[in-house]
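Trainee: Below you'll find upload-v2.txt; it's compact mmCIF, C-alpha atoms and all ligand atoms.
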# COMPACT_ATOMS: atom_id res chain seq x y z
CA MET A 1 96.51 129.78 15.84
CA THR A 2 96.20 132.66 18.32
CA GLY A 3 92.65 132.39 19.57
CA VAL A 4 89.63 130.13 19.68
CA ARG A 5 87.50 130.60 16.57
CA GLU A 6 84.79 127.94 16.83
CA VAL A 7 83.07 126.54 19.91
CA CYS A 8 80.41 123.86 20.18
CA VAL A 9 78.35 123.89 23.39
CA VAL A 10 76.48 120.69 24.26
CA GLY A 11 73.38 121.40 26.38
CA GLY A 12 70.96 124.32 26.61
CA GLY A 13 70.55 124.46 30.40
CA LEU A 14 71.79 127.33 32.57
CA ALA A 15 75.49 126.64 31.97
CA GLY A 16 75.26 126.19 28.20
CA LEU A 17 72.97 129.19 27.71
CA ALA A 18 75.32 131.34 29.81
CA VAL A 19 78.35 130.36 27.68
CA ALA A 20 76.41 131.36 24.56
CA ALA A 21 75.09 134.56 26.19
CA ALA A 22 78.67 135.56 27.12
CA ALA A 23 80.12 134.83 23.68
CA ASP A 24 81.62 137.57 21.55
CA PRO A 25 80.38 136.80 18.01
CA ALA A 26 82.99 139.13 16.50
CA ARG A 27 85.73 136.78 17.74
CA VAL A 28 84.19 133.36 18.21
CA ARG A 29 81.47 131.40 16.42
CA VAL A 30 79.40 129.48 18.98
CA THR A 31 76.98 126.68 18.10
CA LEU A 32 74.82 125.34 20.94
CA LEU A 33 73.22 121.89 20.59
CA GLU A 34 70.24 121.04 22.82
CA ARG A 35 68.72 117.58 22.67
CA ARG A 36 65.17 118.70 23.45
CA PRO A 37 62.87 120.26 20.84
CA GLU A 38 62.69 123.40 23.01
CA VAL A 39 64.66 125.00 25.81
CA ARG A 40 62.25 123.98 28.54
CA PRO A 41 63.26 123.43 32.17
CA LEU A 42 61.34 121.68 34.92
CA GLY A 43 58.24 123.69 35.89
CA ALA A 44 59.66 124.67 39.25
CA GLY A 45 61.24 127.70 40.86
CA ILE A 46 64.87 128.49 41.59
CA ILE A 47 66.55 130.70 44.17
CA LEU A 48 69.18 133.03 42.74
CA GLN A 49 71.69 134.05 45.40
CA PRO A 50 73.52 137.40 45.09
CA ASN A 51 76.47 135.88 43.17
CA ALA A 52 74.00 134.55 40.57
CA ILE A 53 72.39 138.00 40.37
CA HIS A 54 75.85 139.51 39.81
CA ALA A 55 76.58 137.11 36.94
CA LEU A 56 73.12 137.59 35.36
CA ASP A 57 73.60 141.35 35.48
CA ALA A 58 76.98 141.01 33.75
CA LEU A 59 75.25 138.94 31.05
CA GLY A 60 72.56 141.58 30.54
CA ALA A 61 69.89 139.05 31.51
CA LEU A 62 68.79 140.44 34.87
CA GLU A 63 66.19 143.02 33.94
CA PRO A 64 63.27 140.72 33.00
CA LEU A 65 63.98 138.58 36.09
CA ALA A 66 64.02 141.47 38.51
CA ALA A 67 60.53 142.31 37.25
CA ALA A 68 59.20 138.72 37.25
CA GLY A 69 60.79 137.31 40.42
CA ALA A 70 60.17 137.68 44.15
CA GLU A 71 62.85 139.11 46.40
CA LEU A 72 63.77 136.90 49.36
CA SER A 73 65.04 139.38 51.91
CA GLU A 74 65.38 136.92 54.80
CA LEU A 75 65.62 133.23 55.55
CA VAL A 76 63.30 132.16 58.37
CA GLN A 77 63.63 129.03 60.50
CA TYR A 78 60.63 127.88 62.55
CA ARG A 79 61.42 125.89 65.71
CA ASP A 80 58.68 124.78 68.08
CA GLY A 81 56.75 128.01 67.56
CA ASP A 82 59.85 130.26 67.58
CA ARG A 83 60.61 132.27 64.45
CA VAL A 84 64.31 132.92 63.76
CA ALA A 85 64.95 135.25 60.80
CA ILE A 86 68.31 136.01 59.16
CA ALA A 87 68.52 138.92 56.71
CA GLN A 88 70.22 137.98 53.42
CA ARG A 89 72.16 141.25 53.61
CA GLU A 90 73.81 139.86 56.76
CA VAL A 91 74.77 136.67 54.95
CA TRP A 92 76.07 138.47 51.83
CA PRO A 93 77.44 141.78 53.20
CA ARG A 94 79.93 142.49 50.38
CA LEU A 95 77.96 141.94 47.19
CA ALA A 96 74.98 143.84 48.62
CA LEU A 97 72.71 142.49 45.87
CA PRO A 98 69.24 140.97 46.32
CA THR A 99 68.32 137.29 46.41
CA LEU A 100 65.52 136.46 43.97
CA ALA A 101 63.23 133.47 43.46
CA VAL A 102 62.00 133.01 39.89
CA HIS A 103 60.30 130.42 37.74
CA ARG A 104 62.91 128.38 35.92
CA HIS A 105 61.20 129.04 32.60
CA ALA A 106 61.63 132.81 33.12
CA LEU A 107 65.33 132.34 33.88
CA HIS A 108 65.89 130.17 30.80
CA ALA A 109 63.93 132.62 28.64
CA ALA A 110 66.08 135.55 29.83
CA LEU A 111 69.33 133.67 29.08
CA LEU A 112 68.03 132.28 25.78
CA ALA A 113 67.13 135.80 24.58
CA ARG A 114 70.80 136.82 25.09
CA ALA A 115 72.16 133.53 23.72
CA VAL A 116 70.38 133.71 20.36
CA GLU A 117 71.87 137.17 19.76
CA ARG A 118 75.37 135.72 20.04
CA ALA A 119 75.22 132.06 19.04
CA ASP A 120 73.43 129.56 16.81
CA VAL A 121 71.09 127.64 19.09
CA LEU A 122 70.05 124.34 17.48
CA LEU A 123 67.29 122.22 19.02
CA SER A 124 66.56 118.47 18.80
CA GLN A 125 70.31 117.78 18.55
CA ALA A 126 71.25 115.02 21.01
CA VAL A 127 75.00 114.51 21.10
CA VAL A 128 75.92 110.81 21.19
CA ASP A 129 79.64 110.79 20.37
CA VAL A 130 82.76 112.92 20.84
CA ALA A 131 86.09 112.42 19.05
CA CYS A 132 89.41 114.25 18.94
CA GLU A 133 90.63 115.00 15.43
CA GLN A 134 94.27 114.88 14.31
CA SER A 135 94.23 118.65 13.87
CA GLY A 136 93.57 119.01 17.62
CA ARG A 137 89.96 120.01 17.06
CA VAL A 138 87.08 118.09 18.63
CA ALA A 139 84.06 116.72 16.78
CA VAL A 140 80.67 115.78 18.20
CA THR A 141 78.09 113.62 16.44
CA THR A 142 74.35 113.81 17.08
CA ALA A 143 71.79 110.99 17.16
CA ASP A 144 70.63 111.85 13.65
CA GLY A 145 74.18 111.72 12.28
CA CYS A 146 75.10 115.44 12.10
CA ARG A 147 78.75 116.20 12.87
CA TYR A 148 80.06 119.46 14.36
CA SER A 149 83.79 120.17 14.60
CA ALA A 150 85.19 122.97 16.82
CA ASP A 151 88.38 124.25 18.47
CA VAL A 152 86.73 123.72 21.86
CA VAL A 153 83.68 121.68 22.90
CA VAL A 154 81.86 122.71 26.09
CA ALA A 155 80.13 119.87 27.93
CA ALA A 156 77.15 121.58 29.59
CA ASP A 157 74.92 118.54 29.37
CA GLY A 158 74.03 118.17 33.05
CA VAL A 159 74.78 115.68 35.80
CA ASP A 160 74.25 112.68 33.46
CA SER A 161 76.67 114.17 30.90
CA ALA A 162 77.16 111.90 27.89
CA VAL A 163 80.22 113.95 26.89
CA ARG A 164 81.79 113.37 30.32
CA ARG A 165 81.16 109.65 30.07
CA ALA A 166 82.91 109.61 26.69
CA VAL A 167 86.01 111.71 27.47
CA ALA A 168 86.42 111.49 31.28
CA PRO A 169 84.96 108.09 32.25
CA GLU A 170 86.88 108.08 35.55
CA VAL A 171 84.58 110.80 36.86
CA THR A 172 81.38 109.47 38.43
CA ASP A 173 78.22 110.87 39.91
CA GLY A 174 76.85 109.64 43.19
CA GLU A 175 73.94 110.27 45.55
CA LEU A 176 74.31 112.50 48.61
CA GLY A 177 71.93 110.51 50.81
CA LEU A 178 69.15 113.08 50.58
CA TRP A 179 66.02 113.24 48.41
CA TRP A 180 64.23 116.33 47.32
CA ALA A 181 60.52 116.90 46.59
CA ARG A 182 59.13 120.11 45.06
CA TRP A 183 55.53 121.25 44.71
CA ILE A 184 53.90 124.42 43.32
CA VAL A 185 50.86 125.95 44.99
CA ASP A 186 48.72 129.06 44.49
CA ALA A 187 49.64 132.10 46.54
CA GLY A 188 45.92 132.20 47.47
CA SER A 189 46.56 129.20 49.71
CA GLY A 190 47.25 131.64 52.54
CA LEU A 191 50.72 130.14 53.14
CA PRO A 192 53.20 132.78 54.30
CA ARG A 193 54.93 134.51 51.39
CA GLU A 194 58.37 134.03 52.92
CA TRP A 195 61.45 131.85 52.51
CA ALA A 196 61.07 129.58 55.49
CA THR A 197 62.05 126.10 56.68
CA ALA A 198 60.98 123.86 59.56
CA ALA A 199 62.02 120.40 60.77
CA VAL A 200 59.18 117.85 60.52
CA ALA A 201 59.17 114.09 61.14
CA GLY A 202 62.80 113.47 60.12
CA ALA A 203 62.64 115.82 57.12
CA VAL A 204 62.97 119.53 56.44
CA VAL A 205 60.04 121.26 54.75
CA GLY A 206 60.02 124.79 53.43
CA THR A 207 58.51 127.33 51.11
CA PHE A 208 59.41 130.40 49.12
CA PRO A 209 57.35 132.79 46.98
CA LEU A 210 57.85 132.85 43.23
CA GLY A 211 57.01 135.89 41.18
CA GLY A 212 53.34 136.04 40.15
CA ASP A 213 50.74 134.10 42.06
CA GLU A 214 52.61 130.99 43.10
CA LEU A 215 54.70 129.56 45.89
CA GLN A 216 57.15 126.71 45.81
CA VAL A 217 56.94 124.18 48.61
CA PHE A 218 59.81 121.74 49.14
CA ALA A 219 60.99 118.93 51.39
CA THR A 220 64.40 117.33 51.89
CA ILE A 221 64.10 113.76 53.07
CA PRO A 222 66.77 111.19 54.09
CA ALA A 223 67.34 108.67 51.29
CA GLU A 224 66.59 105.68 53.54
CA ALA A 225 62.95 106.80 53.77
CA MET A 226 62.68 107.05 49.97
CA THR A 227 63.41 103.51 48.82
CA ASP A 228 61.10 102.35 45.99
CA ASP A 229 58.73 100.52 48.33
CA ARG A 230 58.49 103.36 50.90
CA ARG A 231 58.45 106.52 48.76
CA ALA A 232 54.69 107.09 48.39
CA GLU A 233 54.08 106.22 52.04
CA THR A 234 56.85 108.61 53.21
CA LEU A 235 55.48 111.51 51.16
CA ASP A 236 51.92 110.86 52.46
CA ALA A 237 53.16 110.72 56.06
CA LEU A 238 55.11 113.94 55.58
CA VAL A 239 52.04 115.76 54.27
CA ARG A 240 50.01 114.48 57.26
CA SER A 241 52.58 115.61 59.83
CA SER A 242 53.39 119.07 58.40
CA ALA A 243 50.82 121.86 58.85
CA LEU A 244 52.42 123.70 55.93
CA LEU A 245 52.16 120.73 53.56
CA ARG A 246 48.62 119.90 54.73
CA ARG A 247 47.48 123.40 53.99
CA ALA A 248 49.25 123.42 50.60
CA ALA A 249 47.63 120.05 49.77
CA GLU A 250 44.18 121.46 50.59
CA HIS A 251 44.89 124.16 47.98
CA GLY A 252 45.80 121.69 45.24
CA MET A 253 49.61 121.75 45.39
CA ARG A 254 51.16 119.93 42.40
CA LEU A 255 54.24 117.75 42.69
CA VAL A 256 56.74 118.92 40.04
CA HIS A 257 59.81 116.90 40.98
CA VAL A 258 60.99 114.20 43.31
CA GLY A 259 64.49 112.72 43.16
CA PRO A 260 67.82 112.18 44.89
CA ALA A 261 70.41 114.94 45.34
CA ARG A 262 73.54 114.01 43.38
CA GLU A 263 77.12 115.17 43.11
CA VAL A 264 79.93 114.71 40.59
CA ARG A 265 83.18 113.27 41.99
CA PRO A 266 85.86 114.43 41.42
CA HIS A 267 85.08 117.73 39.76
CA VAL A 268 86.20 117.89 36.15
CA TRP A 269 87.03 121.07 34.24
CA ARG A 270 88.74 119.91 31.07
CA ALA A 271 89.78 116.83 29.16
CA GLY A 272 91.90 117.75 26.14
CA ARG A 273 89.96 120.45 24.29
CA VAL A 274 86.68 119.66 26.07
CA ALA A 275 85.69 122.08 28.86
CA PHE A 276 83.03 121.17 31.44
CA ALA A 277 80.47 123.59 32.89
CA GLY A 278 77.58 123.44 35.34
CA ASP A 279 76.31 120.15 36.74
CA ALA A 280 78.34 118.16 34.19
CA ALA A 281 81.46 119.48 35.97
CA HIS A 282 80.38 119.75 39.59
CA ALA A 283 76.76 118.90 40.49
CA THR A 284 76.51 119.70 44.18
CA SER A 285 74.00 119.60 47.06
CA PRO A 286 70.74 121.48 46.31
CA THR A 287 70.52 122.39 50.02
CA LEU A 288 72.78 125.39 49.27
CA SER A 289 70.51 126.82 46.52
CA ALA A 290 73.71 127.58 44.62
CA GLY A 291 74.23 125.06 41.77
CA GLY A 292 72.31 127.05 39.18
CA GLY A 293 74.07 130.31 40.04
CA LEU A 294 77.42 128.56 39.83
CA ALA A 295 76.48 127.06 36.44
CA ILE A 296 75.71 130.59 35.20
CA GLU A 297 79.04 131.84 36.60
CA ASP A 298 80.87 128.99 34.82
CA GLY A 299 79.26 129.99 31.55
CA LEU A 300 80.03 133.67 31.98
CA VAL A 301 83.69 133.10 32.90
CA LEU A 302 84.25 130.53 30.15
CA GLY A 303 82.38 132.60 27.54
CA ARG A 304 84.59 135.61 28.30
CA LEU A 305 87.82 133.62 28.33
CA LEU A 306 86.97 131.97 25.00
CA ALA A 307 87.04 135.43 23.38
CA ALA A 308 90.55 136.15 24.69
CA PRO A 309 93.52 136.07 22.27
CA LEU A 310 94.82 132.84 23.83
CA ALA A 311 95.39 129.34 22.47
CA PRO A 312 92.58 126.88 23.35
CA ASP A 313 94.69 125.01 25.93
CA ALA A 314 95.60 128.28 27.66
CA VAL A 315 91.92 129.30 27.77
CA LEU A 316 90.94 126.02 29.42
CA GLU A 317 93.80 126.28 31.94
CA ARG A 318 92.69 129.78 32.88
CA TYR A 319 89.10 128.59 33.19
CA GLU A 320 90.01 125.77 35.56
CA ALA A 321 92.22 128.07 37.64
CA ALA A 322 89.34 130.56 37.89
CA ARG A 323 86.69 128.03 38.93
CA ALA A 324 88.17 124.99 40.69
CA ARG A 325 88.79 126.41 44.20
CA ARG A 326 85.41 128.11 44.42
CA LEU A 327 83.60 124.91 43.51
CA ALA A 328 85.75 122.67 45.74
CA TRP A 329 84.75 124.87 48.68
CA ILE A 330 81.04 124.74 47.83
CA ALA A 331 81.13 120.96 47.39
CA ARG A 332 82.70 120.55 50.85
CA VAL A 333 80.13 122.81 52.47
CA GLY A 334 77.31 121.10 50.55
CA ARG A 335 78.38 117.64 51.71
CA VAL A 336 78.37 118.74 55.36
CA GLN A 337 74.97 120.38 54.91
CA ALA A 338 73.49 117.35 53.18
CA SER A 339 74.65 115.12 56.04
CA THR A 340 73.13 117.38 58.71
CA ALA A 341 69.84 118.28 56.96
CA ARG A 342 68.07 115.48 58.80
CA GLY A 343 65.01 117.13 60.22
CA THR A 344 66.30 117.97 63.68
CA PRO A 345 65.31 121.45 64.84
CA GLY A 346 68.27 123.85 64.98
CA THR A 347 69.59 124.88 68.37
CA ARG A 348 71.93 127.68 67.34
CA SER A 349 71.20 131.28 68.27
CA ARG A 350 70.21 133.75 65.59
CA GLU A 351 73.72 135.27 65.65
CA GLU A 352 75.39 131.85 65.39
CA MET A 353 73.16 130.93 62.46
CA ALA A 354 73.92 134.20 60.66
CA ALA A 355 77.66 133.70 61.17
CA ALA A 356 77.50 130.08 59.95
CA LEU A 357 75.59 131.09 56.79
CA ARG A 358 77.96 133.99 56.14
CA GLY A 359 80.93 131.61 56.47
CA MET A 360 79.36 129.11 54.07
CA TYR A 361 78.89 131.59 51.23
CA GLU A 362 81.87 133.84 52.05
CA PRO A 363 84.03 132.92 49.01
CA LEU A 364 81.07 133.65 46.69
CA ASP A 365 80.43 137.04 48.30
CA ASP A 366 83.20 138.79 46.38
CA PRO A 367 82.27 141.79 44.20
CA CYS A 368 85.65 141.71 42.39
CA TYR A 369 85.66 138.02 41.45
CA LEU A 370 84.42 138.23 37.83
CA GLU A 371 86.68 141.17 37.05
CA ARG A 372 89.68 139.43 38.62
CA VAL A 373 89.38 136.14 36.75
CA THR A 374 88.61 137.57 33.31
CA GLY A 375 89.84 141.17 33.55
CA ASP A 376 93.32 140.89 31.99
CA THR A 377 92.39 138.72 29.01
CA GLY A 378 92.46 141.45 26.40
CA VAL A 379 88.65 141.44 26.39
CA ALA A 380 86.94 144.37 28.09
CA ALA A 381 85.21 143.07 31.22
CA GLY A 382 82.01 144.90 30.30
CA ALA A 383 82.01 143.51 26.76
CA VAL A 384 79.28 141.00 27.41
CA ARG A 385 76.78 143.68 28.41
CA ALA A 386 74.61 145.25 25.82
C1 LIG B 1 65.98 119.79 43.80
C2 LIG B 1 66.92 120.82 43.30
C3 LIG B 1 66.77 122.15 43.69
C4 LIG B 1 67.67 123.11 43.25
N1 LIG B 1 67.51 124.41 43.66
C5 LIG B 1 68.41 125.34 43.24
C6 LIG B 1 68.28 126.70 43.65
O1 LIG B 1 67.32 127.08 44.36
N2 LIG B 1 69.23 127.59 43.24
C7 LIG B 1 70.28 127.23 42.44
O2 LIG B 1 71.11 128.09 42.08
N3 LIG B 1 70.42 125.93 42.04
C8 LIG B 1 69.52 125.00 42.41
N4 LIG B 1 69.65 123.70 41.98
C9 LIG B 1 70.78 123.35 41.09
C10 LIG B 1 70.49 123.74 39.65
O3 LIG B 1 69.18 123.33 39.26
C11 LIG B 1 71.49 123.06 38.72
O4 LIG B 1 72.78 123.24 39.24
C12 LIG B 1 71.43 123.68 37.32
O5 LIG B 1 70.14 123.57 36.76
C13 LIG B 1 72.47 123.00 36.41
O6 LIG B 1 72.38 123.56 35.13
P1 LIG B 1 73.17 122.86 33.94
O7 LIG B 1 72.98 123.75 32.76
O8 LIG B 1 74.55 122.55 34.36
O9 LIG B 1 72.48 121.45 33.72
P2 LIG B 1 71.01 121.07 33.27
O10 LIG B 1 70.02 122.03 33.80
O11 LIG B 1 70.83 119.63 33.60
O12 LIG B 1 71.01 121.26 31.68
C14 LIG B 1 71.61 120.33 30.83
C15 LIG B 1 71.02 120.52 29.44
O13 LIG B 1 71.70 119.67 28.54
C16 LIG B 1 70.78 118.99 27.72
N5 LIG B 1 71.42 117.74 27.31
C17 LIG B 1 71.68 116.65 28.10
N6 LIG B 1 72.30 115.69 27.39
C18 LIG B 1 72.45 116.19 26.13
C19 LIG B 1 73.03 115.66 24.95
N7 LIG B 1 73.57 114.43 24.91
N8 LIG B 1 73.01 116.42 23.82
C20 LIG B 1 72.46 117.67 23.82
N9 LIG B 1 71.89 118.21 24.93
C21 LIG B 1 71.89 117.49 26.07
C22 LIG B 1 69.55 118.80 28.60
O14 LIG B 1 68.38 118.57 27.84
C23 LIG B 1 69.54 120.12 29.36
O15 LIG B 1 68.84 121.13 28.65
C24 LIG B 1 68.75 122.73 42.40
C25 LIG B 1 68.89 121.41 41.99
C26 LIG B 1 67.98 120.46 42.43
C27 LIG B 1 68.16 119.04 41.99
Could you spell out this file's structure in structure tokens?
Mentor:
Amino acid sequence: MTGVREVCVVGGGLAGLAVAAAADPARVRVTLLERRPEVRPLGAGIILQPNAIHALDALGALEPLAAAGAELSELVQYRDGDRVAIAQREVWPRLALPTLAVHRHALHAALLARAVERADVLLSQAVVDVACEQSGRVAVTTADGCRYSADVVVAADGVDSAVRRAVAPEVTDGELGLWWARWIVDAGSGLPREWATAAVAGAVVGTFPLGGDELQVFATIPAEAMTDDRRAETLDALVRSSALLRRAAEHGMRLVHVGPAREVRPHVWRAGRVAFAGDAAHATSPTLSAGGGLAIEDGLVLGRLLAAPLAPDAVLERYEAARARRLAWIARVGRVQASTARGTPGTRSREEMAAALRGMYEPLDDPCYLERVTGDTGVAAGAVRA
């Protein structure tokens, strides 16, 4: 066998949709199995950093998002009345692409539109079992007894990955000591239409505009204040002590998510002929606003490599080599960030903050990365674009 012919992707989130959207149907048949009856994410927003924009452009999925999203040109920190603003172009000087905030449903819709052109996307298919066959192929079984056999299975089934539990049980997921709450509010609330954060009562609260008439409001809160018996009280106290949250509450803000930040330890890229992508491989701290972009990058890189004239094991080796260092770096940075995001006002100067942010994202700010890791595979680098 010279190349991969059949791939089964488990999970229709950002990673799974990106694998399907990057597939080359002339070389590889891709079947994506999503457990839900529709591809429907949480009703919240997501920040797409310039590396995510780069990957979405390569997938041909950027255009509808550029029109629907809001550009975040700077990150603002409020400290005791002072306003410190860092331009995103200073943080990402090499990619020189915008940062966008979009509704998650718009992002999924843009990827799904590309995915269905290149793959069979099957809904209401919850994978419950994975088995290696004697031929070397891998078979997955769904809750209603359907069986799909493929040269490679991609586990893109999120941080709680059932596939990971079955084939790499030594990998665990743990909490980072930080909880996250997200609300949506009307833009008519008069809240500033900017990406801004402020330290309040032991937490960090912030906001960013979404495309259309809405803003996302968020808070990161130390886990010790979010035990079962204290959670409601902590959220109420936070709203009382933050002018931003009080104002959003007066305008009917709706809570769309509250939960702990989690990470996967150690990262896992492959187990036999199973490849891992997105949160199933490397869930990392949400404080970086990077996990979704990295899930899309995983999918793009893996989707391109799967079309290369290489044996399945060689494809998965190349994939791990392309992704592991980048993600190890981000996980380290994310852990440090999660441990310091404790609601104490920053003391660094504007220049120090800009340099620290630039250093954090520096490995992702590389315009040649995608070309370098997939360019010599025998597949034209531009092949995934329409
Ligand atoms: C609070 C918070 C804020 C964040 N903010 C940002 C941000 O601003 N920017 C950013 O880039 N990232 C952000 N992230 C990270 C980002 O949301 C995730 O990294 C990204 O959504 C992961 O995508 P995924 O496809 O790997 O997993 P998921 O989105 O979890 O998708 C997994 C999919 O698999 C399906 N599935 C699960 N099990 C099965 C099964 N057994 N069979 C079939 N299907 C299955 C699920 O239904 C789901 O559709 C944030 C994360 C959090 C928690």
Trainee: When you look at His257 (chain A) with a cut-off of 12 Å (counting all atoms listed in the file), what residues show up, excluding the ones that are within fewer than 3 positions of it in the same chain? I need them as a count of residues only.
Mentor: 19
Trainee: Can you work out which one of A:Cys8, A:Leu306, A:Gly259, A:Leu244 has the shortest atom-to-atom distance to Met226 (chain A), counting all atoms listed in the file?
Mentor: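 Looking only at the distances to Met226 (chain A), the closest residue turns out to be A:Gly259.
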Trainee: Which of these, A:Gly202, A:Gly375, A:Leu17, A:Arg137, has the shortest distance to Ala308 (chain A) once you count only C-alpha atoms?
Mentor: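 Counting only C-alpha atoms, the residue closest to Ala308 (chain A) is A:Gly375.
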Trainee: Using only the atoms of ligand LIG 1 (chain B) listed in the file, plus 5 Å on each side, state the axis-aligned box centre and edge lengths in Å rounded to one decimal, as JSON.
Mentor:
{"center_x": 70.3, "center_y": 121.3, "center_z": 34.1, "size_x": 18.6, "size_y": 23.7, "size_z": 30.5}
Trainee: Measuring between all atoms listed in the file, which one of A:Leu178, A:Val373, A:Val204, A:Ala199 shows the shortest distance to Thr284 (chain A)?
Mentor: A:Leu178
Trainee: Counting only C-alpha atoms, which residues come within 9 Å of (63.3, 133.7, 53.5), with the point read in the file's coordinates, and could you list them as a list in words?
Mentor: Glu71, Leu72, Ser73, Glu74, Leu75, Val76, Gln77, Ala85, Ile86, Ala87, Gln88, Arg193, Glu194, Trp195, Ala196, Thr197, Thr207, Phe208 and Pro209 of chain A
